[in-house]
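Peer 1: Handing over coords01.csv, CSV, N, CA, C and O atoms and all ligand atoms.
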```
chain,number,residue,atom,x,y,z
A,1,MET,N,0.8,-1.2,0.0
A,1,MET,CA,0.0,0.0,0.0
A,1,MET,C,0.9,1.2,0.0
A,1,MET,O,1.8,1.4,0.8
A,2,GLU,N,0.6,2.1,-0.9
A,2,GLU,CA,1.5,3.3,-1.1
A,2,GLU,C,1.1,4.4,-0.2
A,2,GLU,O,-0.1,4.8,-0.1
A,3,VAL,N,2.1,5.0,0.5
A,3,VAL,CA,1.9,6.2,1.3
A,3,VAL,C,2.9,7.2,0.8
A,3,VAL,O,4.1,7.1,1.0
A,4,ARG,N,2.3,8.2,0.2
A,4,ARG,CA,3.2,9.3,-0.4
A,4,ARG,C,3.2,10.5,0.5
A,4,ARG,O,2.1,11.0,0.9
A,5,PHE,N,4.4,11.0,0.8
A,5,PHE,CA,4.5,12.2,1.6
A,5,PHE,C,4.9,13.3,0.6
A,5,PHE,O,6.1,13.4,0.2
A,6,ALA,N,3.9,14.0,0.2
A,6,ALA,CA,4.1,15.0,-1.0
A,6,ALA,C,5.1,16.0,-0.6
A,6,ALA,O,6.0,16.4,-1.5
A,7,ASP,N,5.1,16.5,0.6
A,7,ASP,CA,6.0,17.6,0.9
A,7,ASP,C,7.5,17.1,1.1
A,7,ASP,O,8.4,17.9,1.0
A,8,LEU,N,7.7,15.9,1.2
A,8,LEU,CA,9.0,15.3,1.4
A,8,LEU,C,9.5,14.6,0.1
A,8,LEU,O,10.7,14.2,0.0
A,9,GLY,N,8.6,14.5,-0.9
A,9,GLY,CA,9.0,13.8,-2.1
A,9,GLY,C,9.3,12.3,-1.9
A,9,GLY,O,10.1,11.7,-2.5
A,10,LEU,N,8.6,11.7,-0.9
A,10,LEU,CA,8.9,10.3,-0.5
A,10,LEU,C,7.6,9.5,-0.7
A,10,LEU,O,6.5,9.9,-0.5
A,11,CYS,N,7.9,8.2,-1.1
A,11,CYS,CA,6.8,7.3,-1.2
A,11,CYS,C,7.2,6.0,-0.5
A,11,CYS,O,8.3,5.4,-0.7
A,12,LEU,N,6.4,5.6,0.5
A,12,LEU,CA,6.7,4.5,1.4
A,12,LEU,C,5.6,3.4,1.2
A,12,LEU,O,4.6,3.7,0.7
A,13,ALA,N,6.0,2.2,1.6
A,13,ALA,CA,5.0,1.1,1.5
A,13,ALA,C,4.6,0.7,2.9
A,13,ALA,O,5.4,0.6,3.8
A,14,GLY,N,3.3,0.5,3.0
A,14,GLY,CA,2.7,0.0,4.3
A,14,GLY,C,1.6,-1.0,4.0
A,14,GLY,O,1.3,-1.2,2.9
A,15,ALA,N,1.1,-1.6,5.1
A,15,ALA,CA,0.1,-2.6,4.9
A,15,ALA,C,-1.2,-2.0,5.5
A,15,ALA,O,-1.2,-1.1,6.3
A,16,ILE,N,-2.3,-2.5,5.0
A,16,ILE,CA,-3.6,-2.1,5.5
A,16,ILE,C,-3.7,-2.4,7.0
A,16,ILE,O,-3.2,-3.4,7.4
A,17,GLY,N,-4.1,-1.4,7.7
A,17,GLY,CA,-4.2,-1.5,9.2
A,17,GLY,C,-3.0,-0.9,9.9
A,17,GLY,O,-3.1,-0.6,11.1
A,18,ASP,N,-1.9,-0.6,9.2
A,18,ASP,CA,-0.8,0.1,9.8
A,18,ASP,C,-1.2,1.5,10.0
A,18,ASP,O,-1.9,2.1,9.3
A,19,THR,N,-0.7,2.1,11.1
A,19,THR,CA,-0.9,3.6,11.3
A,19,THR,C,0.1,4.3,10.4
A,19,THR,O,1.2,3.8,10.0
A,20,VAL,N,-0.3,5.5,10.1
A,20,VAL,CA,0.6,6.4,9.3
A,20,VAL,C,1.9,6.6,10.0
A,20,VAL,O,3.0,6.6,9.4
A,21,LEU,N,1.9,6.7,11.3
A,21,LEU,CA,3.1,6.9,12.1
A,21,LEU,C,4.0,5.6,12.0
A,21,LEU,O,5.2,5.8,11.9
A,22,GLU,N,3.4,4.5,12.1
A,22,GLU,CA,4.2,3.2,11.9
A,22,GLU,C,4.9,3.2,10.6
A,22,GLU,O,6.1,2.8,10.5
A,23,VAL,N,4.2,3.5,9.5
A,23,VAL,CA,4.8,3.5,8.2
A,23,VAL,C,5.9,4.5,8.1
A,23,VAL,O,7.0,4.3,7.6
A,24,ALA,N,5.6,5.7,8.6
A,24,ALA,CA,6.6,6.8,8.6
A,24,ALA,C,7.9,6.4,9.3
A,24,ALA,O,9.0,6.5,8.8
A,25,GLU,N,7.7,5.9,10.5
A,25,GLU,CA,8.9,5.5,11.3
A,25,GLU,C,9.7,4.4,10.7
A,25,GLU,O,10.9,4.4,10.7
A,26,ALA,N,9.0,3.4,10.1
A,26,ALA,CA,9.7,2.3,9.4
A,26,ALA,C,10.4,2.8,8.2
A,26,ALA,O,11.5,2.2,7.8
A,27,GLY,N,10.0,3.9,7.6
A,27,GLY,CA,10.6,4.4,6.4
A,27,GLY,C,11.6,5.5,6.6
A,27,GLY,O,12.0,6.2,5.7
A,28,GLY,N,11.8,5.9,7.9
A,28,GLY,CA,12.8,6.9,8.2
A,28,GLY,C,12.3,8.3,8.1
A,28,GLY,O,13.0,9.2,8.1
A,29,VAL,N,10.9,8.5,8.1
A,29,VAL,CA,10.4,9.8,8.1
A,29,VAL,C,10.2,10.2,9.6
A,29,VAL,O,9.5,9.5,10.3
A,30,ALA,N,10.8,11.3,9.9
A,30,ALA,CA,10.7,11.8,11.3
A,30,ALA,C,9.4,12.6,11.6
A,30,ALA,O,9.4,13.8,11.3
A,31,ILE,N,8.4,11.9,12.1
A,31,ILE,CA,7.2,12.6,12.5
A,31,ILE,C,7.3,12.7,14.0
A,31,ILE,O,7.5,11.7,14.7
A,32,GLU,N,7.3,13.9,14.5
A,32,GLU,CA,7.3,14.1,16.0
A,32,GLU,C,6.1,13.4,16.6
A,32,GLU,O,5.0,13.6,16.2
A,33,ALA,N,6.3,12.7,17.7
A,33,ALA,CA,5.3,12.0,18.4
A,33,ALA,C,5.5,12.2,19.9
A,33,ALA,O,5.9,11.3,20.6
A,34,ALA,N,5.2,13.4,20.3
A,34,ALA,CA,5.5,13.8,21.7
A,34,ALA,C,4.9,13.0,22.7
A,34,ALA,O,5.5,12.8,23.8
A,35,CYS,N,3.7,12.4,22.5
A,35,CYS,CA,3.0,11.7,23.5
A,35,CYS,C,3.3,10.2,23.3
A,35,CYS,O,2.7,9.3,24.1
A,36,GLY,N,4.1,9.8,22.4
A,36,GLY,CA,4.4,8.4,22.2
A,36,GLY,C,3.4,7.7,21.3
A,36,GLY,O,3.4,6.4,21.3
A,37,GLY,N,2.5,8.4,20.7
A,37,GLY,CA,1.5,7.7,19.8
A,37,GLY,C,0.2,7.3,20.5
A,37,GLY,O,-0.5,6.4,20.1
A,38,PHE,N,-0.1,8.1,21.6
A,38,PHE,CA,-1.3,7.7,22.4
A,38,PHE,C,-2.4,8.8,22.3
A,38,PHE,O,-3.2,9.0,23.2
A,39,ALA,N,-2.4,9.6,21.2
A,39,ALA,CA,-3.4,10.6,20.9
A,39,ALA,C,-3.5,11.6,22.1
A,39,ALA,O,-4.6,12.0,22.5
A,40,GLY,N,-2.3,12.0,22.6
A,40,GLY,CA,-2.3,12.9,23.7
A,40,GLY,C,-1.7,14.2,23.3
A,40,GLY,O,-1.6,15.2,24.1
A,41,CYS,N,-1.3,14.4,22.1
A,41,CYS,CA,-0.7,15.6,21.6
A,41,CYS,C,-1.2,15.8,20.2
A,41,CYS,O,-2.0,15.0,19.7
A,42,ASN,N,-0.7,16.8,19.4
A,42,ASN,CA,-1.0,16.8,18.0
A,42,ASN,C,0.2,17.0,17.2
A,42,ASN,O,0.1,17.6,16.1
A,43,THR,N,1.3,16.7,17.7
A,43,THR,CA,2.6,16.9,17.0
A,43,THR,C,2.7,16.0,15.8
A,43,THR,O,3.5,16.2,14.9
A,44,CYS,N,2.0,14.9,15.7
A,44,CYS,CA,2.1,13.9,14.6
A,44,CYS,C,1.1,14.2,13.5
A,44,CYS,O,0.9,13.4,12.6
A,45,ARG,N,0.4,15.4,13.6
A,45,ARG,CA,-0.7,15.6,12.7
A,45,ARG,C,-0.2,15.7,11.2
A,45,ARG,O,0.9,16.2,10.9
A,46,VAL,N,-1.0,15.1,10.3
A,46,VAL,CA,-0.8,15.1,8.9
A,46,VAL,C,-2.1,15.6,8.2
A,46,VAL,O,-3.1,15.6,8.8
A,47,ARG,N,-1.9,16.0,7.0
A,47,ARG,CA,-3.1,16.4,6.2
A,47,ARG,C,-3.2,15.5,5.0
A,47,ARG,O,-2.2,15.3,4.2
A,48,VAL,N,-4.4,14.9,4.8
A,48,VAL,CA,-4.6,14.0,3.6
A,48,VAL,C,-4.9,14.9,2.4
A,48,VAL,O,-5.8,15.7,2.4
A,49,LEU,N,-4.1,14.7,1.4
A,49,LEU,CA,-4.2,15.4,0.1
A,49,LEU,C,-5.1,14.6,-0.9
A,49,LEU,O,-5.8,15.2,-1.7
A,50,SER,N,-4.9,13.3,-0.9
A,50,SER,CA,-5.8,12.4,-1.7
A,50,SER,C,-5.7,11.0,-1.1
A,50,SER,O,-4.8,10.7,-0.4
A,51,GLY,N,-6.8,10.3,-1.4
A,51,GLY,CA,-6.9,8.9,-0.9
A,51,GLY,C,-7.6,9.0,0.4
A,51,GLY,O,-8.3,10.0,0.8
A,52,GLU,N,-7.5,7.9,1.2
A,52,GLU,CA,-8.4,7.7,2.3
A,52,GLU,C,-7.6,7.0,3.4
A,52,GLU,O,-6.8,6.2,3.2
A,53,LEU,N,-8.0,7.3,4.7
A,53,LEU,CA,-7.5,6.6,5.9
A,53,LEU,C,-8.7,6.1,6.6
A,53,LEU,O,-9.9,6.4,6.3
A,54,SER,N,-8.5,5.3,7.7
A,54,SER,CA,-9.5,4.8,8.5
A,54,SER,C,-10.4,5.9,9.0
A,54,SER,O,-9.9,7.1,9.2
A,55,PRO,N,-11.6,5.7,9.4
A,55,PRO,CA,-12.5,6.7,9.9
A,55,PRO,C,-11.9,7.4,11.2
A,55,PRO,O,-11.2,6.7,12.0
A,56,CYS,N,-12.2,8.7,11.3
A,56,CYS,CA,-11.7,9.4,12.4
A,56,CYS,C,-12.3,8.9,13.7
A,56,CYS,O,-13.5,8.8,13.9
A,57,ASP,N,-11.4,8.7,14.7
A,57,ASP,CA,-11.8,8.2,16.0
A,57,ASP,C,-12.2,9.4,16.9
A,57,ASP,O,-11.6,10.5,16.8
A,58,PRO,N,-13.3,9.3,17.8
A,58,PRO,CA,-13.6,10.4,18.6
A,58,PRO,C,-12.5,11.0,19.5
A,58,PRO,O,-12.5,12.1,19.8
A,59,VAL,N,-11.6,10.1,19.8
A,59,VAL,CA,-10.4,10.6,20.6
A,59,VAL,C,-9.5,11.5,19.8
A,59,VAL,O,-8.8,12.3,20.4
A,60,GLU,N,-9.6,11.4,18.5
A,60,GLU,CA,-8.7,12.2,17.6
A,60,GLU,C,-9.3,13.5,17.3
A,60,GLU,O,-8.6,14.5,17.1
A,61,GLU,N,-10.6,13.6,17.3
A,61,GLU,CA,-11.3,14.8,16.8
A,61,GLU,C,-10.9,16.1,17.5
A,61,GLU,O,-10.8,17.1,16.9
A,62,PRO,N,-10.7,16.1,18.8
A,62,PRO,CA,-10.4,17.4,19.5
A,62,PRO,C,-9.1,18.0,19.0
A,62,PRO,O,-8.9,19.2,19.2
A,63,PHE,N,-8.2,17.2,18.4
A,63,PHE,CA,-6.9,17.7,17.9
A,63,PHE,C,-6.9,18.3,16.5
A,63,PHE,O,-6.0,18.8,16.0
A,64,LEU,N,-8.1,18.1,15.8
A,64,LEU,CA,-8.1,18.4,14.4
A,64,LEU,C,-8.8,19.7,14.2
A,64,LEU,O,-9.9,19.9,14.7
A,65,ASP,N,-8.2,20.6,13.4
A,65,ASP,CA,-8.8,22.0,13.2
A,65,ASP,C,-9.6,22.1,11.9
A,65,ASP,O,-10.5,23.0,11.8
A,66,SER,N,-9.3,21.2,10.9
A,66,SER,CA,-10.0,21.3,9.7
A,66,SER,C,-10.1,20.0,9.0
A,66,SER,O,-9.3,19.1,9.3
A,67,PRO,N,-11.0,19.9,8.0
A,67,PRO,CA,-11.2,18.6,7.3
A,67,PRO,C,-9.8,18.2,6.6
A,67,PRO,O,-9.1,19.1,6.1
A,68,GLY,N,-9.6,16.9,6.6
A,68,GLY,CA,-8.3,16.4,6.0
A,68,GLY,C,-7.2,16.2,7.0
A,68,GLY,O,-6.3,15.5,6.7
A,69,GLN,N,-7.3,16.9,8.1
A,69,GLN,CA,-6.2,16.6,9.1
A,69,GLN,C,-6.5,15.3,9.9
A,69,GLN,O,-7.6,15.0,10.1
A,70,ARG,N,-5.4,14.6,10.2
A,70,ARG,CA,-5.5,13.4,11.0
A,70,ARG,C,-4.3,13.3,11.9
A,70,ARG,O,-3.2,13.9,11.6
A,71,LEU,N,-4.4,12.5,12.9
A,71,LEU,CA,-3.3,12.2,13.7
A,71,LEU,C,-2.6,10.9,13.1
A,71,LEU,O,-3.2,9.9,13.0
A,72,ALA,N,-1.3,11.0,12.9
A,72,ALA,CA,-0.6,9.9,12.2
A,72,ALA,C,-0.6,8.7,13.1
A,72,ALA,O,-0.5,7.6,12.6
A,73,CYS,N,-0.7,8.9,14.4
A,73,CYS,CA,-0.6,7.7,15.3
A,73,CYS,C,-2.0,7.0,15.4
A,73,CYS,O,-2.0,5.9,16.0
A,74,GLN,N,-3.0,7.6,14.9
A,74,GLN,CA,-4.3,7.0,15.0
A,74,GLN,C,-4.9,6.6,13.7
A,74,GLN,O,-5.7,5.6,13.6
A,75,ALA,N,-4.6,7.3,12.6
A,75,ALA,CA,-5.1,7.0,11.3
A,75,ALA,C,-4.4,5.8,10.7
A,75,ALA,O,-3.2,5.7,10.7
A,76,ARG,N,-5.3,4.9,10.2
A,76,ARG,CA,-4.7,3.6,9.7
A,76,ARG,C,-5.0,3.5,8.2
A,76,ARG,O,-5.9,4.1,7.7
A,77,LEU,N,-4.1,2.8,7.5
A,77,LEU,CA,-4.2,2.7,6.1
A,77,LEU,C,-5.4,1.8,5.7
A,77,LEU,O,-5.6,0.7,6.3
A,78,VAL,N,-6.1,2.3,4.7
A,78,VAL,CA,-7.2,1.5,4.1
A,78,VAL,C,-7.0,1.4,2.6
A,78,VAL,O,-7.7,0.7,1.9
A,79,GLY,N,-6.0,2.1,2.1
A,79,GLY,CA,-5.7,2.2,0.7
A,79,GLY,C,-4.6,3.2,0.4
A,79,GLY,O,-4.0,3.7,1.4
A,80,PRO,N,-4.2,3.4,-0.8
A,80,PRO,CA,-3.1,4.3,-1.1
A,80,PRO,C,-3.5,5.7,-0.7
A,80,PRO,O,-4.7,6.1,-0.7
A,81,VAL,N,-2.6,6.5,-0.2
A,81,VAL,CA,-2.9,7.8,0.3
A,81,VAL,C,-1.7,8.8,0.1
A,81,VAL,O,-0.6,8.3,0.1
A,82,THR,N,-2.0,10.0,-0.2
A,82,THR,CA,-1.0,11.1,-0.3
A,82,THR,C,-1.2,12.1,0.8
A,82,THR,O,-2.4,12.5,1.0
A,83,LEU,N,-0.2,12.4,1.5
A,83,LEU,CA,-0.3,13.2,2.7
A,83,LEU,C,0.8,14.4,2.7
A,83,LEU,O,1.7,14.3,1.9
A,84,ARG,N,0.7,15.3,3.6
A,84,ARG,CA,1.8,16.1,3.9
A,84,ARG,C,1.8,16.3,5.4
A,84,ARG,O,0.8,16.2,6.1
A,85,LEU,N,2.9,16.6,6.0
A,85,LEU,CA,3.0,16.9,7.4
A,85,LEU,C,2.3,18.1,7.8
A,85,LEU,O,2.3,19.1,7.0
A,86,ASP,N,1.6,18.2,8.9
A,86,ASP,CA,0.8,19.3,9.3
A,86,ASP,C,0.8,19.4,10.8
A,86,ASP,O,-0.3,19.4,11.4
A,87,PRO,N,2.0,19.4,11.5
A,87,PRO,CA,2.0,19.3,12.9
A,87,PRO,C,1.3,20.5,13.6
A,87,PRO,O,1.4,21.6,13.2
A,88,GLY,N,0.6,20.2,14.7
A,88,GLY,CA,0.0,21.2,15.5
A,88,GLY,C,1.0,21.7,16.5
A,88,GLY,O,2.1,21.1,16.7
A,89,ALA,N,0.7,22.8,17.2
A,89,ALA,CA,1.6,23.4,18.1
A,89,ALA,C,1.6,22.6,19.4
A,89,ALA,O,0.6,21.9,19.7
A,101,LIG,S1,1.9,11.1,18.7
A,101,LIG,FE1,0.8,12.4,20.1
A,101,LIG,S2,-1.1,12.5,19.1
A,101,LIG,FE2,0.0,11.3,17.8
```
Can the structure from this file be put into structure tokens for me?
Peer 2:
Amino acid sequence: MEVRFADLGLCLAGAIGDTVLEVAEAGGVAIEAACGGFAGCNTCRVRVLSGELSPCDPVEEPFLDSPGQRLACQARLVGPVTLRLDPGA
């Protein structure tokens, strides 16, 4: 499953069910994960440019400011997707 980081010019491979953070870390993309991947910060935030990720979890919603934003530690692959990093403060 293709995960393209448009702003970095990188394309990584992941499996359905992997989180975006897992794919990024395995591929050497440094996404800050201040809370360790437990939906407690928004430093891992990404923006979906095309494609789709797993449905947004209610625990994730308070961290998202606009449509297309997701937490990399919570959003899972369901198909090919193109993203860019969009970390929150
Ligand atoms: S790593 Fe903290 S919310 Fe994702």
Peer 1: Using Å and a single decimal, report how far atom O of Arg4 (chain A) sits from CA of Val46 (chain A).
Peer 2: 9.4 Å
Peer 1: If we count only N, CA, C and O atoms and set the cut-off at 4.5 Å, which residues sit around region 19-35 of chain A, ignoring sequence neighbours fewer than 4 positions away in its own chain? Please answer as a ChimeraX atom specification.
Peer 2: /A:43-44,72,75-76
Peer 1: Of the candidates A:Ala13, A:Val59, A:Met1, A:Ala39, which shows the shortest atom-to-atom distance to ligand LIG 101 (chain A), using all atoms listed in the file?
Peer 2: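 Closest to ligand LIG 101 (chain A) of all the choices is A:Ala39.
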Peer 1: DSSP on the backbone, alpha helix (DSSP H) only: what residues of region 2-79 of chain A does that give? Format it as a PDB file with N, CA, C and O atoms, in the coordinates of the input.
Peer 2:
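Produced file selection_18.pdb, reproduced below:
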```
ATOM      1  N   VAL A  20      -0.300   5.500  10.100  1.00  0.00           N
ATOM      2  CA  VAL A  20       0.600   6.400   9.300  1.00  0.00           C
ATOM      3  C   VAL A  20       1.900   6.600  10.000  1.00  0.00           C
ATOM      4  O   VAL A  20       3.000   6.600   9.400  1.00  0.00           O
ATOM      5  N   LEU A  21       1.900   6.700  11.300  1.00  0.00           N
ATOM      6  CA  LEU A  21       3.100   6.900  12.100  1.00  0.00           C
ATOM      7  C   LEU A  21       4.000   5.600  12.000  1.00  0.00           C
ATOM      8  O   LEU A  21       5.200   5.800  11.900  1.00  0.00           O
ATOM      9  N   GLU A  22       3.400   4.500  12.100  1.00  0.00           N
ATOM     10  CA  GLU A  22       4.200   3.200  11.900  1.00  0.00           C
ATOM     11  C   GLU A  22       4.900   3.200  10.600  1.00  0.00           C
ATOM     12  O   GLU A  22       6.100   2.800  10.500  1.00  0.00           O
ATOM     13  N   VAL A  23       4.200   3.500   9.500  1.00  0.00           N
ATOM     14  CA  VAL A  23       4.800   3.500   8.200  1.00  0.00           C
ATOM     15  C   VAL A  23       5.900   4.500   8.100  1.00  0.00           C
ATOM     16  O   VAL A  23       7.000   4.300   7.600  1.00  0.00           O
ATOM     17  N   ALA A  24       5.600   5.700   8.600  1.00  0.00           N
ATOM     18  CA  ALA A  24       6.600   6.800   8.600  1.00  0.00           C
ATOM     19  C   ALA A  24       7.900   6.400   9.300  1.00  0.00           C
ATOM     20  O   ALA A  24       9.000   6.500   8.800  1.00  0.00           O
ATOM     21  N   GLU A  25       7.700   5.900  10.500  1.00  0.00           N
ATOM     22  CA  GLU A  25       8.900   5.500  11.300  1.00  0.00           C
ATOM     23  C   GLU A  25       9.700   4.400  10.700  1.00  0.00           C
ATOM     24  O   GLU A  25      10.900   4.400  10.700  1.00  0.00           O
ATOM     25  N   ALA A  26       9.000   3.400  10.100  1.00  0.00           N
ATOM     26  CA  ALA A  26       9.700   2.300   9.400  1.00  0.00           C
ATOM     27  C   ALA A  26      10.400   2.800   8.200  1.00  0.00           C
ATOM     28  O   ALA A  26      11.500   2.200   7.800  1.00  0.00           O
TER      29      ALA A  26
END
```
Peer 1: Mind pulling up the distance from atom C of Leu64 (chain A) to CA of Leu8 (chain A)?
Peer 2: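 Between CA of Leu8 (chain A) and atom C of Leu64 (chain A) the gap works out to 22.4 Å.
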Peer 1: Please determine, counting only C-alpha atoms, which residue among A:Leu85, A:Leu71, A:Ala15, A:Ala6 has the shortest atom-to-atom distance to Asp57 (chain A).
Peer 2: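 Smallest distance to Asp57 (chain A) is found for A:Leu71.
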Peer 1: Any idea what the distance is between atom FE1 of ligand LIG 101 (chain A) and CA of Leu10 (chain A)?
Peer 2: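 So the answer is 22.2 Å.
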Peer 1: Could you give me the residues within chain A that DSSP places in strand (DSSP E), as a PyMOL selection string?
Peer 2: chain A and resi 2-5+10-13+45-53+69-71+77-85
Peer 1: Which is closer to ligand LIG 101 (chain A) than all the others in A:Leu12, A:Arg47, A:Gln74, A:Pro58, using only C-alpha atoms and all ligand atoms?
Peer 2: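 For ligand LIG 101 (chain A), the nearest of the candidates is A:Gln74.
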Peer 1: From the list A:Val3, A:Gly37, A:Val78, A:Pro67, which residue is nearest ligand LIG 101 (chain A) when using all atoms listed in the file?
Peer 2: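 Of A:Val3, A:Gly37, A:Val78, A:Pro67, the one nearest ligand LIG 101 (chain A) is A:Gly37, counting all atoms listed in the file.
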Peer 1: With distances taken over all atoms listed in the file, which of A:Cys73, A:Cys11, A:Cys56, A:Val48 is nearest to ligand LIG 101 (chain A)?
Peer 2: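 Result for the nearest residue to ligand LIG 101 (chain A): A:Cys73.
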Peer 1: Check the smallest atom-to-atom distance from each of A:Ile16, A:Gly79, A:Asp7, A:Glu60 to ligand LIG 101 (chain A) using all atoms listed in the file, then report the winner.
Peer 2: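 Answer, going by the shortest atom-to-atom distance: A:Glu60.
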